[in-house]
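Note: the block below is work27.pdb and it holds PDB, C-alpha atoms and all ligand atoms.
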```pdb
ATOM      1  CA  MET A 179     -13.003  22.394  24.801  1.00  0.00           C
ATOM      2  CA  GLN A 180     -10.876  19.236  24.968  1.00  0.00           C
ATOM      3  CA  LYS A 181      -9.447  17.990  21.695  1.00  0.00           C
ATOM      4  CA  ILE A 182      -9.036  14.386  20.612  1.00  0.00           C
ATOM      5  CA  LEU A 183      -6.875  13.242  17.731  1.00  0.00           C
ATOM      6  CA  ILE A 184      -8.064  10.149  15.837  1.00  0.00           C
ATOM      7  CA  ILE A 185      -5.287   8.550  13.797  1.00  0.00           C
ATOM      8  CA  ASN A 186      -5.887   5.950  11.097  1.00  0.00           C
ATOM      9  CA  GLY A 187      -3.099   3.953   9.516  1.00  0.00           C
ATOM     10  CA  PRO A 188      -2.513   2.147   6.228  1.00  0.00           C
ATOM     11  CA  ASN A 189      -5.338   0.882   4.025  1.00  0.00           C
ATOM     12  CA  LEU A 190      -8.060   2.399   6.187  1.00  0.00           C
ATOM     13  CA  ASN A 191      -8.640   4.909   3.368  1.00  0.00           C
ATOM     14  CA  MET A 192      -9.963   1.881   1.439  1.00  0.00           C
ATOM     15  CA  LEU A 193     -12.807   1.169   3.865  1.00  0.00           C
ATOM     16  CA  GLY A 194     -16.133   0.686   2.129  1.00  0.00           C
ATOM     17  CA  THR A 195     -14.646  -1.480  -0.622  1.00  0.00           C
ATOM     18  CA  ARG A 196     -11.847  -3.225   1.288  1.00  0.00           C
ATOM     19  CA  GLU A 197     -12.879  -6.712   2.521  1.00  0.00           C
ATOM     20  CA  PRO A 198     -16.391  -5.535   3.525  1.00  0.00           C
ATOM     21  CA  GLU A 199     -17.135  -8.940   5.091  1.00  0.00           C
ATOM     22  CA  ILE A 200     -14.465  -8.094   7.699  1.00  0.00           C
ATOM     23  CA  TYR A 201     -14.514  -4.301   7.898  1.00  0.00           C
ATOM     24  CA  GLY A 202     -18.087  -3.446   6.932  1.00  0.00           C
ATOM     25  CA  SER A 203     -19.405  -1.164   4.199  1.00  0.00           C
ATOM     26  CA  GLU A 204     -18.893   2.241   5.833  1.00  0.00           C
ATOM     27  CA  THR A 205     -16.180   4.478   4.415  1.00  0.00           C
ATOM     28  CA  LEU A 206     -13.612   6.251   6.564  1.00  0.00           C
ATOM     29  CA  GLN A 207     -15.510   9.489   5.837  1.00  0.00           C
ATOM     30  CA  ASP A 208     -18.666   7.866   7.270  1.00  0.00           C
ATOM     31  CA  ILE A 209     -16.723   6.933  10.413  1.00  0.00           C
ATOM     32  CA  GLU A 210     -15.293  10.445  10.707  1.00  0.00           C
ATOM     33  CA  LYS A 211     -18.811  11.917  10.482  1.00  0.00           C
ATOM     34  CA  LYS A 212     -20.113   9.479  13.109  1.00  0.00           C
ATOM     35  CA  CYS A 213     -17.210  10.326  15.459  1.00  0.00           C
ATOM     36  CA  LYS A 214     -17.745  14.075  15.011  1.00  0.00           C
ATOM     37  CA  GLU A 215     -21.477  13.741  15.769  1.00  0.00           C
ATOM     38  CA  TYR A 216     -20.750  11.730  18.902  1.00  0.00           C
ATOM     39  CA  ALA A 217     -18.032  14.180  19.966  1.00  0.00           C
ATOM     40  CA  VAL A 218     -20.494  17.077  19.886  1.00  0.00           C
ATOM     41  CA  ALA A 219     -22.808  15.086  22.175  1.00  0.00           C
ATOM     42  CA  VAL A 220     -20.058  14.532  24.773  1.00  0.00           C
ATOM     43  CA  GLY A 221     -18.482  17.980  24.459  1.00  0.00           C
ATOM     44  CA  LEU A 222     -15.250  17.045  22.671  1.00  0.00           C
ATOM     45  CA  THR A 223     -13.611  18.371  19.511  1.00  0.00           C
ATOM     46  CA  ILE A 224     -12.078  15.928  17.044  1.00  0.00           C
ATOM     47  CA  ASP A 225      -9.269  16.002  14.533  1.00  0.00           C
ATOM     48  CA  PHE A 226      -9.339  12.975  12.246  1.00  0.00           C
ATOM     49  CA  MET A 227      -6.477  11.894   9.983  1.00  0.00           C
ATOM     50  CA  GLN A 228      -5.328   8.943   7.893  1.00  0.00           C
ATOM     51  CA  SER A 229      -1.999   8.113   6.330  1.00  0.00           C
ATOM     52  CA  ASN A 230      -0.440   5.119   4.642  1.00  0.00           C
ATOM     53  CA  ASN A 231       3.017   6.315   5.733  1.00  0.00           C
ATOM     54  CA  GLU A 232       4.549   5.306   9.051  1.00  0.00           C
ATOM     55  CA  GLY A 233       6.598   8.536   9.295  1.00  0.00           C
ATOM     56  CA  ASP A 234       3.520  10.747   8.831  1.00  0.00           C
ATOM     57  CA  LEU A 235       1.726   8.840  11.583  1.00  0.00           C
ATOM     58  CA  ILE A 236       4.718   9.316  13.903  1.00  0.00           C
ATOM     59  CA  THR A 237       4.832  13.056  13.156  1.00  0.00           C
ATOM     60  CA  ALA A 238       1.093  13.361  13.880  1.00  0.00           C
ATOM     61  CA  ILE A 239       1.602  11.579  17.221  1.00  0.00           C
ATOM     62  CA  GLN A 240       4.541  13.831  18.129  1.00  0.00           C
ATOM     63  CA  ASP A 241       2.627  16.989  17.180  1.00  0.00           C
ATOM     64  CA  SER A 242      -0.335  15.974  19.342  1.00  0.00           C
ATOM     65  CA  ILE A 243       1.774  16.547  22.480  1.00  0.00           C
ATOM     66  CA  LYS A 244       1.157  20.292  22.211  1.00  0.00           C
ATOM     67  CA  THR A 245      -2.343  20.286  20.818  1.00  0.00           C
ATOM     68  CA  HIS A 246      -4.515  17.394  22.007  1.00  0.00           C
ATOM     69  CA  HIS A 247      -5.889  15.976  25.266  1.00  0.00           C
ATOM     70  CA  GLY A 248      -6.424  12.393  24.117  1.00  0.00           C
ATOM     71  CA  LEU A 249      -5.615  10.138  21.181  1.00  0.00           C
ATOM     72  CA  LEU A 250      -7.375   7.223  19.476  1.00  0.00           C
ATOM     73  CA  ILE A 251      -5.353   5.130  17.069  1.00  0.00           C
ATOM     74  CA  ASN A 252      -6.222   2.432  14.580  1.00  0.00           C
ATOM     75  CA  ALA A 253      -2.750   1.753  13.241  1.00  0.00           C
ATOM     76  CA  GLY A 254      -3.937  -0.890  10.739  1.00  0.00           C
ATOM     77  CA  ALA A 255      -1.218  -3.438  10.011  1.00  0.00           C
ATOM     78  CA  TYR A 256       1.426  -1.216  11.687  1.00  0.00           C
ATOM     79  CA  THR A 257      -0.234  -2.348  14.924  1.00  0.00           C
ATOM     80  CA  HIS A 258       1.569  -5.644  14.561  1.00  0.00           C
ATOM     81  CA  THR A 259       4.918  -4.397  13.286  1.00  0.00           C
ATOM     82  CA  SER A 260       5.806  -0.869  14.358  1.00  0.00           C
ATOM     83  CA  ILE A 261       8.139  -0.347  17.298  1.00  0.00           C
ATOM     84  CA  ALA A 262       8.533   3.239  16.024  1.00  0.00           C
ATOM     85  CA  LEU A 263       4.811   3.981  16.474  1.00  0.00           C
ATOM     86  CA  MET A 264       4.898   2.399  19.921  1.00  0.00           C
ATOM     87  CA  ASP A 265       7.876   4.567  20.925  1.00  0.00           C
ATOM     88  CA  ALA A 266       6.135   7.721  19.660  1.00  0.00           C
ATOM     89  CA  LEU A 267       3.022   6.863  21.703  1.00  0.00           C
ATOM     90  CA  LEU A 268       5.079   6.053  24.822  1.00  0.00           C
ATOM     91  CA  ALA A 269       6.419   9.632  24.758  1.00  0.00           C
ATOM     92  CA  LEU A 270       2.883  11.041  25.190  1.00  0.00           C
ATOM     93  CA  LYS A 271       1.336  11.964  28.522  1.00  0.00           C
ATOM     94  CA  ILE A 272      -2.227  12.070  27.169  1.00  0.00           C
ATOM     95  CA  PRO A 273      -4.467   8.971  27.250  1.00  0.00           C
ATOM     96  CA  VAL A 274      -4.145   6.679  24.225  1.00  0.00           C
ATOM     97  CA  ILE A 275      -6.849   4.192  23.225  1.00  0.00           C
ATOM     98  CA  GLU A 276      -6.173   1.505  20.606  1.00  0.00           C
ATOM     99  CA  VAL A 277      -9.046   0.867  18.201  1.00  0.00           C
ATOM    100  CA  HIS A 278      -9.783  -1.858  15.645  1.00  0.00           C
ATOM    101  CA  LEU A 279     -12.866  -2.483  13.569  1.00  0.00           C
ATOM    102  CA  SER A 280     -12.343  -6.248  13.592  1.00  0.00           C
ATOM    103  CA  ASN A 281     -11.715  -8.524  16.550  1.00  0.00           C
ATOM    104  CA  ILE A 282      -7.996  -9.038  15.961  1.00  0.00           C
ATOM    105  CA  PHE A 283      -7.966 -11.954  18.456  1.00  0.00           C
ATOM    106  CA  ARG A 284     -10.370 -14.013  16.320  1.00  0.00           C
ATOM    107  CA  ARG A 285      -8.193 -13.587  13.252  1.00  0.00           C
ATOM    108  CA  GLU A 286      -4.799 -14.873  12.065  1.00  0.00           C
ATOM    109  CA  PRO A 287      -2.212 -15.406  14.834  1.00  0.00           C
ATOM    110  CA  PHE A 288       0.042 -12.596  13.480  1.00  0.00           C
ATOM    111  CA  ARG A 289      -2.748 -10.127  14.351  1.00  0.00           C
ATOM    112  CA  HIS A 290      -2.834 -11.196  17.999  1.00  0.00           C
ATOM    113  CA  ASP A 291       0.279  -9.212  18.924  1.00  0.00           C
ATOM    114  CA  SER A 292       0.087  -5.434  19.152  1.00  0.00           C
ATOM    115  CA  TYR A 293       2.939  -2.986  19.747  1.00  0.00           C
ATOM    116  CA  ILE A 294       0.300  -0.255  20.117  1.00  0.00           C
ATOM    117  CA  SER A 295      -1.181  -2.028  23.152  1.00  0.00           C
ATOM    118  CA  LYS A 296       2.077  -1.551  25.034  1.00  0.00           C
ATOM    119  CA  ALA A 297       1.482   2.205  24.931  1.00  0.00           C
ATOM    120  CA  ALA A 298      -2.325   2.246  25.203  1.00  0.00           C
ATOM    121  CA  LYS A 299      -4.536   2.643  28.236  1.00  0.00           C
ATOM    122  CA  GLY A 300      -6.964   0.176  26.676  1.00  0.00           C
ATOM    123  CA  VAL A 301      -8.047  -1.562  23.504  1.00  0.00           C
ATOM    124  CA  ILE A 302     -11.444  -1.661  21.810  1.00  0.00           C
ATOM    125  CA  CYS A 303     -11.856  -4.047  18.908  1.00  0.00           C
ATOM    126  CA  GLY A 304     -14.478  -6.079  17.127  1.00  0.00           C
ATOM    127  CA  PHE A 305     -17.419  -3.660  17.058  1.00  0.00           C
ATOM    128  CA  GLY A 306     -16.936  -2.272  13.555  1.00  0.00           C
ATOM    129  CA  SER A 307     -17.214   1.503  13.426  1.00  0.00           C
ATOM    130  CA  ASP A 308     -18.769   1.450  16.912  1.00  0.00           C
ATOM    131  CA  SER A 309     -15.265   0.601  18.215  1.00  0.00           C
ATOM    132  CA  TYR A 310     -14.412   4.259  17.534  1.00  0.00           C
ATOM    133  CA  ILE A 311     -17.485   5.488  19.423  1.00  0.00           C
ATOM    134  CA  LEU A 312     -16.805   3.209  22.391  1.00  0.00           C
ATOM    135  CA  ALA A 313     -13.211   4.449  22.468  1.00  0.00           C
ATOM    136  CA  LEU A 314     -14.405   8.067  22.377  1.00  0.00           C
ATOM    137  CA  GLN A 315     -16.732   7.317  25.267  1.00  0.00           C
ATOM    138  CA  ALA A 316     -13.785   5.819  27.176  1.00  0.00           C
ATOM    139  CA  VAL A 317     -11.523   8.793  26.546  1.00  0.00           C
ATOM    140  CA  ALA A 318     -14.318  11.243  27.458  1.00  0.00           C
ATOM    141  CA  ASP A 319     -14.763   9.414  30.790  1.00  0.00           C
ATOM    142  CA  ILE A 320     -11.012   9.365  31.455  1.00  0.00           C
ATOM    143  CA  LEU A 321     -10.729  13.115  30.795  1.00  0.00           C
ATOM    144  CA  LYS A 322     -13.780  13.870  32.941  1.00  0.00           C
ATOM    145  CA  ARG A 323     -12.409  11.847  35.871  1.00  0.00           C
ATOM    146  CA  GLY A 324      -8.921  13.236  35.340  1.00  0.00           C
ATOM    147  CA  LYS A 325      -7.344   9.778  35.151  1.00  0.00           C
TER     148      LYS A 325
HETATM  149  C1  LIG B 401      -7.423  -3.406  11.698  1.00  0.00           C
HETATM  150  C2  LIG B 401      -6.862  -4.810  11.989  1.00  0.00           C
HETATM  151  C3  LIG B 401      -5.450  -4.961  11.424  1.00  0.00           C
HETATM  152  O1  LIG B 401      -4.957  -6.268  11.683  1.00  0.00           O
HETATM  153  C4  LIG B 401      -5.467  -4.748   9.913  1.00  0.00           C
HETATM  154  O2  LIG B 401      -4.157  -4.831   9.393  1.00  0.00           O
HETATM  155  C5  LIG B 401      -6.127  -3.474   9.528  1.00  0.00           C
HETATM  156  C6  LIG B 401      -7.362  -3.093  10.214  1.00  0.00           C
HETATM  157  C7  LIG B 401      -8.882  -3.253  12.146  1.00  0.00           C
HETATM  158  O3  LIG B 401      -9.337  -2.126  12.276  1.00  0.00           O
HETATM  159  O4  LIG B 401      -9.579  -4.265  12.350  1.00  0.00           O
HETATM  160  O5  LIG B 401      -5.709  -2.793   8.602  1.00  0.00           O
HETATM  161  O6  LIG B 401      -6.636  -2.457  12.403  1.00  0.00           O
END
```
Do you think you could lay out the structure here as structure tokens?
Ligand code: DQA
Amino acid sequence: MQKILIINGPNLNMLGTREPEIYGSETLQDIEKKCKEYAVAVGLTIDFMQSNNEGDLITAIQDSIKTHHGLLINAGAYTHTSIALMDALLALKIPVIEVHLSNIFRREPFRHDSYISKAAKGVICGFGSDSYILALQAVADILKRGK
């Protein structure tokens, strides 16, 4: 069975109480459960992780080279700052999809630029927790088609 790694960056552990008017009321555990249920339906296995540390996120990306067939990443604010995360993602051969709960293009100008996008096959943002499901659907299709 093909394995997908879902990586969540800083402050996403605070979902549920963090700015619910922007990010909704679901917790990260709720999103993990929703992703795992969807994965079963499309025949994928999921590993789901969160860290507030840039280095831990980079190590998880590097380790996925040997273990995973696709990667979803919501890098939180590192999206807009981290060349190191971008470089780690560029070293991967597996498909990478960038995910955001909010529509980053409707928000402050500093959120309009993404280093992650430079290493991603595509971006899904603005659909709340459904952004993760839409990204899983996209990666499932890519893996099924082989491109
Ligand atoms: C976010 C958008 C980022 O700009 C922000 O820093 C986050 C969450 C999102 O999912 O909408 O932490 O990645």
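A distance search around ligand LIG 401 (chain B) (7 Å at most, all atoms listed in the file) returns the following protein and nucleic acid residues: Pro188, Asn189, Leu190, Tyr201, Asn252, Ala253, Gly254, Ala255, Thr257, Val277, His278, Leu279, Ser280, Asn281, Ile282, Arg289 and Cys303 of chain A.
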Generate the output file for the selected residues, C-alpha atoms, as an mmCIF file, in the coordinates of the input.
```cif
data_model
loop_
_atom_site.group_PDB
_atom_site.id
_atom_site.type_symbol
_atom_site.label_atom_id
_atom_site.label_comp_id
_atom_site.auth_asym_id
_atom_site.auth_seq_id
_atom_site.Cartn_x
_atom_site.Cartn_y
_atom_site.Cartn_z
ATOM 1 C CA PRO A 188 -2.513 2.147 6.228
ATOM 2 C CA ASN A 189 -5.338 0.882 4.025
ATOM 3 C CA LEU A 190 -8.060 2.399 6.187
ATOM 4 C CA TYR A 201 -14.514 -4.301 7.898
ATOM 5 C CA ASN A 252 -6.222 2.432 14.580
ATOM 6 C CA ALA A 253 -2.750 1.753 13.241
ATOM 7 C CA GLY A 254 -3.937 -0.890 10.739
ATOM 8 C CA ALA A 255 -1.218 -3.438 10.011
ATOM 9 C CA THR A 257 -0.234 -2.348 14.924
ATOM 10 C CA VAL A 277 -9.046 0.867 18.201
ATOM 11 C CA HIS A 278 -9.783 -1.858 15.645
ATOM 12 C CA LEU A 279 -12.866 -2.483 13.569
ATOM 13 C CA SER A 280 -12.343 -6.248 13.592
ATOM 14 C CA ASN A 281 -11.715 -8.524 16.550
ATOM 15 C CA ILE A 282 -7.996 -9.038 15.961
ATOM 16 C CA ARG A 289 -2.748 -10.127 14.351
ATOM 17 C CA CYS A 303 -11.856 -4.047 18.908
#
```
Closest atom pairs, residues of segment 217-279 of chain A within 10 Å of segment 316-319 of chain A, all atoms listed in the file, as a Markdown table:
```
| residue | atom | partner | partner_atom | distance |
| --- | --- | --- | --- | --- |
| A:Ala217 | CA | A:Ala318 | CA | 8.9 |
| A:Val220 | CA | A:Ala318 | CA | 7.1 |
| A:Gly221 | CA | A:Ala318 | CA | 8.5 |
| A:Leu222 | CA | A:Ala318 | CA | 7.6 |
| A:His247 | CA | A:Val317 | CA | 9.2 |
| A:Gly248 | CA | A:Val317 | CA | 6.7 |
| A:Leu249 | CA | A:Val317 | CA | 8.1 |
| A:Leu250 | CA | A:Val317 | CA | 8.3 |
| A:Ile272 | CA | A:Val317 | CA | 9.9 |
| A:Pro273 | CA | A:Val317 | CA | 7.1 |
| A:Val274 | CA | A:Val317 | CA | 8.0 |
| A:Ile275 | CA | A:Val317 | CA | 7.4 |
```
Selection under test: the PyMOL selection byres (((chain A and resi 181) around 7) and not hetatm); residues as a ChimeraX atom specification: /A:179-180,182-183,222-224,246-248
message: For a quick check of understanding, using all atoms listed in the file, which of A:Gln228, A:Arg323, A:Tyr310, A:Asp265 has the smallest distance to Cys213 of chain A?
response: A:Tyr310
field: Between atom CA of Ala297 of chain A and atom CA of Asn191 of chain A, distance in Å (one decimal)
entry: 24.0 Å
field: Nearby residues (all atoms listed in the file) at most 12 Å from Asp291 of chain A, same-chain spacing under 4 positions excluded, as a list of chain:residue names
entry: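 Near neighbours after the sequence-gap exclusion: A:Ala255, A:Tyr256, A:Thr257, A:His258, A:Thr259, A:Ser260, A:Ile261, A:Ile282, A:Phe283, A:Arg284, A:Arg285, A:Glu286, A:Pro287, A:Ser295, A:Lys296.
Within the 8 Å cut-off around Ile311 of chain A, using all atoms listed in the file and omitting residues fewer than 3 positions from it on the same chain, the listed residues are Lys212, Cys213, Tyr216, Ser307, Asp308, Leu314 and Gln315 of chain A.
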Could you work out an axis-aligned bounding box for all listed atoms of segment 198-212 of chain A, with 5 Å added on each of the six sides, and give its centre and edge lengths in Å to one decimal, as JSON?
```
{"center_x": -16.9, "center_y": 1.5, "center_z": 8.3, "size_x": 16.5, "size_y": 30.9, "size_z": 19.6}
```
query: Any idea what the distance is between atom CA of Gly304 of chain A and atom CA of Ile209 of chain A?
result: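 Taking atom CA of Gly304 of chain A and atom CA of Ile209 of chain A, their separation equals 14.8 Å.
Across the structure, atom CA of Ile236 of chain A and atom CA of Ala266 of chain A are spaced 6.1 Å apart.
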